[in-house]
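Trainee: My questions all concern the structure below.
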Amino acid sequence: MAEAARAALADGCAIWANPSSPHAEGRAAKRALEEARASIARSLGWTHDVLFTSGASESLAIALTRSMAERRFVGAIDHDAVLRAAPDAIVMPVGPDGVLQLPDLSGPRAVVTVQWANSETGVRQPIAELAEAIHAAGHILLVDAAQMPAGADTEVIAHADLVALSAHKRGGPPG
């Protein structure tokens, strides 16, 4: 873990209380929680909500199962966590170069999952180009950015509707 993450974790443990409680300790914990969300959002250039989960697998499952969409599209090379969360999804193929090939996206609203970088092949998907087609069809773009290094996130943030990240792969605590 990065030293800054260790310090933040220690600070959080020192003010631990139920952030939903109305007492002074609970309000302090709520303030610290919201400051942490805002700090992470700022660092990523993200203007939407930040949800803390146990990791990218849980984040992906929440996005895939709770989004306001009738269908799910997933890539053939997506992480197993995506495939487990959306077993009935339409599977999108990849070309010989490992780049996702979008199918006909016409139809009811869908969540389209794109794994930004594949941990086995190293192939990075052209997020801006894919986002343009996905948004033109009226769909939600979920980017699995768990495999991307810290600092590379901002190029995706501008295009994604939902992003799954993993703290432990960016110097933060596991879980």
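In the structure tokens, each chain is lettered A, B, ... as it comes, each chain's residues begin at 1, and ligands are numbered from 1 in order of appearance.
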Determine, using only C-alpha atoms, which residues of stretch 45-78 of chain A have any atom at most 12 Å from an atom of stretch 26-34 of chain A, and tabulate each with its shortest atom pair and distance in Å to one decimal place, rows ordered by chain and then rising number, as a Markdown table.

Mentor:
| residue | atom | partner | partner_atom | distance |
| --- | --- | --- | --- | --- |
| A:Asp49 | CA | A:Glu34 | CA | 10.4 |
| A:Val50 | CA | A:Glu34 | CA | 9.3 |
| A:Leu51 | CA | A:Glu34 | CA | 10.4 |
| A:Phe52 | CA | A:Leu33 | CA | 9.7 |

Trainee: Run DSSP on the backbone and grab whatever in stretch 3-162 of chain A lands in alpha helix (DSSP H); send it over as an NGL selection string.

Mentor: :A and (3-14 or 24-44 or 56-66 or 80-85 or 127-136 or 154-157)

Trainee: Closest to A:Arg42 among A:Ile157, A:Ala85, A:Leu165, A:Ala69, using only C-alpha atoms?

Mentor: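 Smallest separation from A:Arg42 among the options: A:Ile157.
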
Trainee: Which polymer residues have any atom within 12 Å of an atom of A:Ala167, counting only C-alpha atoms, with same-chain residues fewer than 2 positions away left out, as number ranges by chain?

Mentor: A: 1-2, 5, 40, 52-57, 59, 145-150, 164-165, 169-175

Trainee: If you take only C-alpha atoms and a cut-off of 8 Å, which residues of stretch 30-74 of chain A touch stretch 101-118 of chain A, and what are their nearest atom pairs and distances in Å to one decimal, in chain and number order, as CSV?

Mentor:
residue,atom,partner,partner_atom,distance
A:Leu64,CA,A:Val111,CA,6.8
A:Ser67,CA,A:Val111,CA,7.2
A:Ala69,CA,A:Ala110,CA,4.8
A:Glu70,CA,A:Ala110,CA,5.7
A:Arg71,CA,A:Ala110,CA,4.4
A:Arg72,CA,A:Val111,CA,5.0
A:Phe73,CA,A:Val112,CA,4.7
A:Val74,CA,A:Thr113,CA,5.1

Trainee: One decimal, Å: what's the distance from atom CA of A:Gly45 over to atom CA of A:Ala17, could you say?

Mentor: 28.9 Å
